Structure formats: C-alpha cells, structure tokens
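Below is one structure; the comments refer to it alone.
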Amino acid sequence: MGTFTVPIQVGDLAGQNFVELDALVDTGSTYTVLSKDVLDRLGIDIREPRSFDLADDWVVEYPVGYASIRLANQEIIAMVVFADEGTTPLLGATALETASVAVDPVHQKLVPVHALLK
C-alpha cells in the first residue's frame, strides 16, 4: 500500500492557536500521535495515561489529551497521544473516522465517505 502524508493543523480546544504539520496517515494507529513539545506549546492538557501495543509487541504507556484538528476541510476534536520529542506526527484511525474520510491507497490521498447511522 505504501505510506503518505497529509497536511493538518493542530490547535487548542478554544481554536485560538494552531500549527501546521505534515502527518503520516496511519490506519494502524488508533489515535493521532504528536510530539509532546508541540502539544505543550499549544496548551493541550494531559487528561490521563493510556497503554498502547507497539508493532514490536512492546506495551508502553503515554499520556493522552484532546486537540482540535483541521483536515480535509473540516475541524474535529480528536484524542491525541503525547509522544516523545521528534516523533513523526501520525494521523490515526479515530481522527479519520471522525472526519468522515477514508484512505485511497492507490492515489495516496484521503477521500470523503459517509458516516453510518445504521
């Protein structure tokens, strides 16, 4: 399938401060992962710790919080993981679902989809 990045803007919940980042689209990641220094600069509060399974089968714990994310001409509220400084931004599956977008792996882009109420 390959990997690709998309431009996103991440901001505080009040919608006052945003930064633009290129995020790797990662449907294998439940949540969006961002560097702690970026989230701290935006004033994003840590809400709680969560445990995560990594690709190498290690289990780690990271703090999480909530941020505004602008992508695909929408602004959503998404859970974000406070990762180590220098971590590549990852756009996770729940943010994609919340924004009603899916991955088009052939054209390496996000495409709109209908949300479900079945």
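By order in the structure tokens, chains are A, B, ...; within a chain, residues start at 1; ligands start at 1, following the order shown.
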
Write out as a VMD selection string which residues come within 9 Å of Gly43 in chain A when counting only C-alpha atoms, dropping same-chain ones fewer than 6 positions away.
chain A and resid 11 to 12 17

Using only C-alpha atoms, determine which residues lie at most 12 Å from Gly15 in chain A, disregarding the query and same-chain residues fewer than 5 positions distant; provide the list as a PDB file with all heavy atoms, in the first residue's frame.
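Listing of out.pdb after writing:
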```
ATOM      1  N   GLN A   9      -3.697  20.797  10.528  1.00  0.00           N
ATOM      2  CA  GLN A   9      -3.461  21.849  11.501  1.00  0.00           C
ATOM      3  C   GLN A   9      -3.944  21.319  12.839  1.00  0.00           C
ATOM      4  O   GLN A   9      -5.032  20.739  12.924  1.00  0.00           O
ATOM      5  CB  GLN A   9      -4.205  23.127  11.141  1.00  0.00           C
ATOM      6  CG  GLN A   9      -3.678  23.791   9.897  1.00  0.00           C
ATOM      7  CD  GLN A   9      -4.444  25.060   9.576  1.00  0.00           C
ATOM      8  OE1 GLN A   9      -5.627  25.204   9.906  1.00  0.00           O
ATOM      9  NE2 GLN A   9      -3.785  25.986   8.919  1.00  0.00           N
ATOM     10  N   VAL A  10      -3.134  21.504  13.863  1.00  0.00           N
ATOM     11  CA  VAL A  10      -3.467  21.051  15.205  1.00  0.00           C
ATOM     12  C   VAL A  10      -3.544  22.277  16.094  1.00  0.00           C
ATOM     13  O   VAL A  10      -2.658  23.147  16.044  1.00  0.00           O
ATOM     14  CB  VAL A  10      -2.402  20.079  15.752  1.00  0.00           C
ATOM     15  CG1 VAL A  10      -2.755  19.629  17.152  1.00  0.00           C
ATOM     16  CG2 VAL A  10      -2.252  18.889  14.821  1.00  0.00           C
ATOM     17  N   LEU A  42       0.981  24.330  22.421  1.00  0.00           N
ATOM     18  CA  LEU A  42      -0.402  24.704  22.123  1.00  0.00           C
ATOM     19  C   LEU A  42      -1.281  24.776  23.377  1.00  0.00           C
ATOM     20  O   LEU A  42      -2.435  25.182  23.300  1.00  0.00           O
ATOM     21  CB  LEU A  42      -1.009  23.702  21.140  1.00  0.00           C
ATOM     22  CG  LEU A  42      -0.443  23.753  19.730  1.00  0.00           C
ATOM     23  CD1 LEU A  42      -0.914  22.546  18.931  1.00  0.00           C
ATOM     24  CD2 LEU A  42      -0.848  25.047  19.035  1.00  0.00           C
ATOM     25  N   GLY A  43      -0.745  24.339  24.513  1.00  0.00           N
ATOM     26  CA  GLY A  43      -1.517  24.362  25.744  1.00  0.00           C
ATOM     27  C   GLY A  43      -2.499  23.209  25.870  1.00  0.00           C
ATOM     28  O   GLY A  43      -3.488  23.316  26.608  1.00  0.00           O
ATOM     29  N   ILE A  44      -2.242  22.112  25.172  1.00  0.00           N
ATOM     30  CA  ILE A  44      -3.121  20.942  25.259  1.00  0.00           C
ATOM     31  C   ILE A  44      -2.867  20.257  26.599  1.00  0.00           C
ATOM     32  O   ILE A  44      -1.728  19.960  26.949  1.00  0.00           O
ATOM     33  CB  ILE A  44      -2.850  19.951  24.107  1.00  0.00           C
ATOM     34  CG1 ILE A  44      -2.961  20.635  22.741  1.00  0.00           C
ATOM     35  CG2 ILE A  44      -3.776  18.736  24.203  1.00  0.00           C
ATOM     36  CD1 ILE A  44      -4.295  21.250  22.436  1.00  0.00           C
ATOM     37  N   ALA A  67      -7.373  17.595  21.204  1.00  0.00           N
ATOM     38  CA  ALA A  67      -6.966  18.757  20.417  1.00  0.00           C
ATOM     39  C   ALA A  67      -7.934  18.958  19.266  1.00  0.00           C
ATOM     40  O   ALA A  67      -8.626  18.030  18.841  1.00  0.00           O
ATOM     41  CB  ALA A  67      -5.548  18.551  19.868  1.00  0.00           C
ATOM     42  N   SER A  68      -7.972  20.181  18.755  1.00  0.00           N
ATOM     43  CA  SER A  68      -8.689  20.466  17.512  1.00  0.00           C
ATOM     44  C   SER A  68      -7.765  20.094  16.362  1.00  0.00           C
ATOM     45  O   SER A  68      -6.579  20.418  16.393  1.00  0.00           O
ATOM     46  CB  SER A  68      -9.037  21.950  17.412  1.00  0.00           C
ATOM     47  OG  SER A  68      -9.964  22.312  18.391  1.00  0.00           O
ATOM     48  N   ILE A  69      -8.307  19.416  15.374  1.00  0.00           N
ATOM     49  CA  ILE A  69      -7.526  19.056  14.194  1.00  0.00           C
ATOM     50  C   ILE A  69      -8.309  19.469  12.963  1.00  0.00           C
ATOM     51  O   ILE A  69      -9.485  19.138  12.818  1.00  0.00           O
ATOM     52  CB  ILE A  69      -7.223  17.541  14.155  1.00  0.00           C
ATOM     53  CG1 ILE A  69      -6.394  17.146  15.380  1.00  0.00           C
ATOM     54  CG2 ILE A  69      -6.499  17.178  12.852  1.00  0.00           C
ATOM     55  CD1 ILE A  69      -6.069  15.672  15.459  1.00  0.00           C
ATOM     56  N   ARG A  70      -7.636  20.210  12.102  1.00  0.00           N
ATOM     57  CA  ARG A  70      -8.223  20.594  10.817  1.00  0.00           C
ATOM     58  C   ARG A  70      -7.616  19.710   9.732  1.00  0.00           C
ATOM     59  O   ARG A  70      -6.394  19.670   9.576  1.00  0.00           O
ATOM     60  CB  ARG A  70      -7.923  22.058  10.506  1.00  0.00           C
ATOM     61  CG  ARG A  70      -8.589  23.027  11.453  1.00  0.00           C
ATOM     62  CD  ARG A  70      -8.162  24.444  11.156  1.00  0.00           C
ATOM     63  NE  ARG A  70      -8.812  25.391  12.046  1.00  0.00           N
ATOM     64  CZ  ARG A  70      -8.364  26.623  12.269  1.00  0.00           C
ATOM     65  NH1 ARG A  70      -7.269  27.051  11.664  1.00  0.00           N
ATOM     66  NH2 ARG A  70      -9.001  27.411  13.101  1.00  0.00           N
ATOM     67  N   GLU A  75     -12.968  20.666  10.772  1.00  0.00           N
ATOM     68  CA  GLU A  75     -12.302  20.793  12.069  1.00  0.00           C
ATOM     69  C   GLU A  75     -12.982  19.825  13.025  1.00  0.00           C
ATOM     70  O   GLU A  75     -14.195  19.872  13.204  1.00  0.00           O
ATOM     71  CB  GLU A  75     -12.381  22.218  12.602  1.00  0.00           C
ATOM     72  CG  GLU A  75     -11.577  22.420  13.859  1.00  0.00           C
ATOM     73  CD  GLU A  75     -11.470  23.872  14.279  1.00  0.00           C
ATOM     74  OE1 GLU A  75     -11.427  24.755  13.396  1.00  0.00           O
ATOM     75  OE2 GLU A  75     -11.440  24.134  15.496  1.00  0.00           O
ATOM     76  N   ILE A  76     -12.189  18.952  13.623  1.00  0.00           N
ATOM     77  CA  ILE A  76     -12.711  17.941  14.538  1.00  0.00           C
ATOM     78  C   ILE A  76     -11.988  18.042  15.869  1.00  0.00           C
ATOM     79  O   ILE A  76     -10.934  18.650  15.968  1.00  0.00           O
ATOM     80  CB  ILE A  76     -12.544  16.512  13.962  1.00  0.00           C
ATOM     81  CG1 ILE A  76     -11.057  16.177  13.788  1.00  0.00           C
ATOM     82  CG2 ILE A  76     -13.311  16.352  12.660  1.00  0.00           C
ATOM     83  CD1 ILE A  76     -10.778  14.716  13.547  1.00  0.00           C
ATOM     84  N   ILE A  77     -12.555  17.427  16.884  1.00  0.00           N
ATOM     85  CA  ILE A  77     -11.881  17.239  18.170  1.00  0.00           C
ATOM     86  C   ILE A  77     -11.445  15.783  18.203  1.00  0.00           C
ATOM     87  O   ILE A  77     -12.251  14.882  17.966  1.00  0.00           O
ATOM     88  CB  ILE A  77     -12.824  17.520  19.359  1.00  0.00           C
ATOM     89  CG1 ILE A  77     -13.412  18.929  19.270  1.00  0.00           C
ATOM     90  CG2 ILE A  77     -12.089  17.292  20.683  1.00  0.00           C
ATOM     91  CD1 ILE A  77     -12.405  20.045  19.323  1.00  0.00           C
TER      92      ILE A  77
END
```

Could you pull out the residues in range 7-83 of chain A that DSSP calls alpha helix (DSSP H) from the backbone, as a PyMOL selection string?
chain A and resi 36-42

Based on the selection just made, write N, CA and C atoms of those residues as a PDB file, in the first residue's frame.
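The resulting file, part37.pdb, is reproduced below:
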```
ATOM      1  N   LYS A  36       5.193  15.743  22.187  1.00  0.00           N
ATOM      2  CA  LYS A  36       4.799  16.414  23.422  1.00  0.00           C
ATOM      3  C   LYS A  36       5.130  17.901  23.388  1.00  0.00           C
ATOM      4  N   ASP A  37       6.280  18.271  22.808  1.00  0.00           N
ATOM      5  CA  ASP A  37       6.653  19.686  22.792  1.00  0.00           C
ATOM      6  C   ASP A  37       5.673  20.515  21.960  1.00  0.00           C
ATOM      7  N   VAL A  38       5.140  19.957  20.881  1.00  0.00           N
ATOM      8  CA  VAL A  38       4.142  20.660  20.070  1.00  0.00           C
ATOM      9  C   VAL A  38       2.849  20.828  20.861  1.00  0.00           C
ATOM     10  N   LEU A  39       2.396  19.759  21.505  1.00  0.00           N
ATOM     11  CA  LEU A  39       1.147  19.825  22.274  1.00  0.00           C
ATOM     12  C   LEU A  39       1.286  20.757  23.474  1.00  0.00           C
ATOM     13  N   ASP A  40       2.441  20.728  24.138  1.00  0.00           N
ATOM     14  CA  ASP A  40       2.676  21.648  25.257  1.00  0.00           C
ATOM     15  C   ASP A  40       2.640  23.097  24.784  1.00  0.00           C
ATOM     16  N   ARG A  41       3.258  23.376  23.646  1.00  0.00           N
ATOM     17  CA  ARG A  41       3.285  24.741  23.095  1.00  0.00           C
ATOM     18  C   ARG A  41       1.873  25.244  22.804  1.00  0.00           C
ATOM     19  N   LEU A  42       0.981  24.330  22.421  1.00  0.00           N
ATOM     20  CA  LEU A  42      -0.402  24.704  22.123  1.00  0.00           C
ATOM     21  C   LEU A  42      -1.281  24.776  23.377  1.00  0.00           C
TER      22      LEU A  42
END
```

Residues within 12 Å of Gly86 in chain A, only C-alpha atoms, excluding chain neighbours under 3 positions, as a list in words:
Val33, Leu34, Ser35, Lys36, Asp37, Val38, Phe82, Ala83, Pro89 and Leu90 of chain A

Could those residues be written to a file, using N, CA and C atoms, as a CSV table (one decimal), in the first residue's frame?
```csv
chain,number,residue,atom,x,y,z
A,33,VAL,N,-0.9,10.8,16.9
A,33,VAL,CA,0.3,10.8,17.7
A,33,VAL,C,1.0,12.1,17.4
A,34,LEU,N,1.3,12.9,18.4
A,34,LEU,CA,2.0,14.2,18.2
A,34,LEU,C,3.1,14.3,19.2
A,35,SER,N,4.1,15.1,18.9
A,35,SER,CA,5.2,15.3,19.8
A,35,SER,C,4.8,16.2,21.0
A,36,LYS,N,5.2,15.7,22.2
A,36,LYS,CA,4.8,16.4,23.4
A,36,LYS,C,5.1,17.9,23.4
A,37,ASP,N,6.3,18.3,22.8
A,37,ASP,CA,6.7,19.7,22.8
A,37,ASP,C,5.7,20.5,22.0
A,38,VAL,N,5.1,20.0,20.9
A,38,VAL,CA,4.1,20.7,20.1
A,38,VAL,C,2.8,20.8,20.9
A,82,PHE,N,0.6,12.1,23.5
A,82,PHE,CA,1.8,12.9,23.8
A,82,PHE,C,3.0,12.0,23.6
A,83,ALA,N,3.6,12.1,22.5
A,83,ALA,CA,4.8,11.2,22.2
A,83,ALA,C,6.1,12.0,22.5
A,89,PRO,N,4.7,13.0,13.3
A,89,PRO,CA,3.2,13.1,13.6
A,89,PRO,C,2.5,12.0,12.8
A,90,LEU,N,1.6,11.3,13.5
A,90,LEU,CA,0.8,10.2,12.9
A,90,LEU,C,-0.7,10.6,13.0
```

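Excluding range 45-51 of chain A itself and same-chain residues fewer than 6 positions from it, the residues having an atom within 7 Å of it are Val59, Val60, Glu61, Tyr62, Pro63, Val64 and Gly65 of chain A, counting only C-alpha atoms.
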
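Atom to atom, CA of Asp22 in chain A and CA of Asp57 in chain A stand 26.8 Å apart.
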
Looking at only C-alpha atoms, which of A:Asn73, A:Ser100, A:Thr94, A:Gln108 is the one that sits closest to Thr32 in chain A?
A:Thr94

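The gap separating CA of Thr27 in chain A from CA of Ala55 in chain A is 12.8 Å, in Å to one decimal.
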
Near Leu24 in chain A, within 8 Å and counting only C-alpha atoms, which residues show up once chain neighbours fewer than 4 positions away are dropped, as a PyMOL selection string?
chain A and resi 3-6+88-91

Take the residues from that selection and write them out as an mmCIF file, in the first residue's frame, keeping C-alpha atoms.
```
data_model
loop_
_atom_site.group_PDB
_atom_site.id
_atom_site.type_symbol
_atom_site.label_atom_id
_atom_site.label_comp_id
_atom_site.auth_asym_id
_atom_site.auth_seq_id
_atom_site.Cartn_x
_atom_site.Cartn_y
_atom_site.Cartn_z
ATOM 1 C CA THR A 3 2.604 5.434 3.090
ATOM 2 C CA PHE A 4 1.813 9.084 2.541
ATOM 3 C CA THR A 5 1.482 12.292 4.493
ATOM 4 C CA VAL A 6 -1.243 14.911 4.578
ATOM 5 C CA THR A 88 6.814 11.788 13.400
ATOM 6 C CA PRO A 89 3.214 13.057 13.550
ATOM 7 C CA LEU A 90 0.754 10.220 12.861
ATOM 8 C CA LEU A 91 -2.868 10.743 11.851
#
```

Judged by only C-alpha atoms, the minimum distance to Tyr31 in chain A among A:Val80, A:Leu110, A:Ala99, A:Leu116 is found for A:Val80

DSSP strand (DSSP E) residues within chain A, as a PyMOL selection string
chain A and resi 5-11+18-25+32-35+48-53+59-71+74-83+90-91+101-104+109-112

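One distance worth recording is that between CA of Leu96 in chain A and CA of Ala14 in chain A, which is 21.1 Å.
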
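For the choices A:Ala93, A:Thr87, A:Met79, A:Phe52, the atom-to-atom distance to Asp26 in chain A is smallest for A:Ala93 when using only C-alpha atoms.
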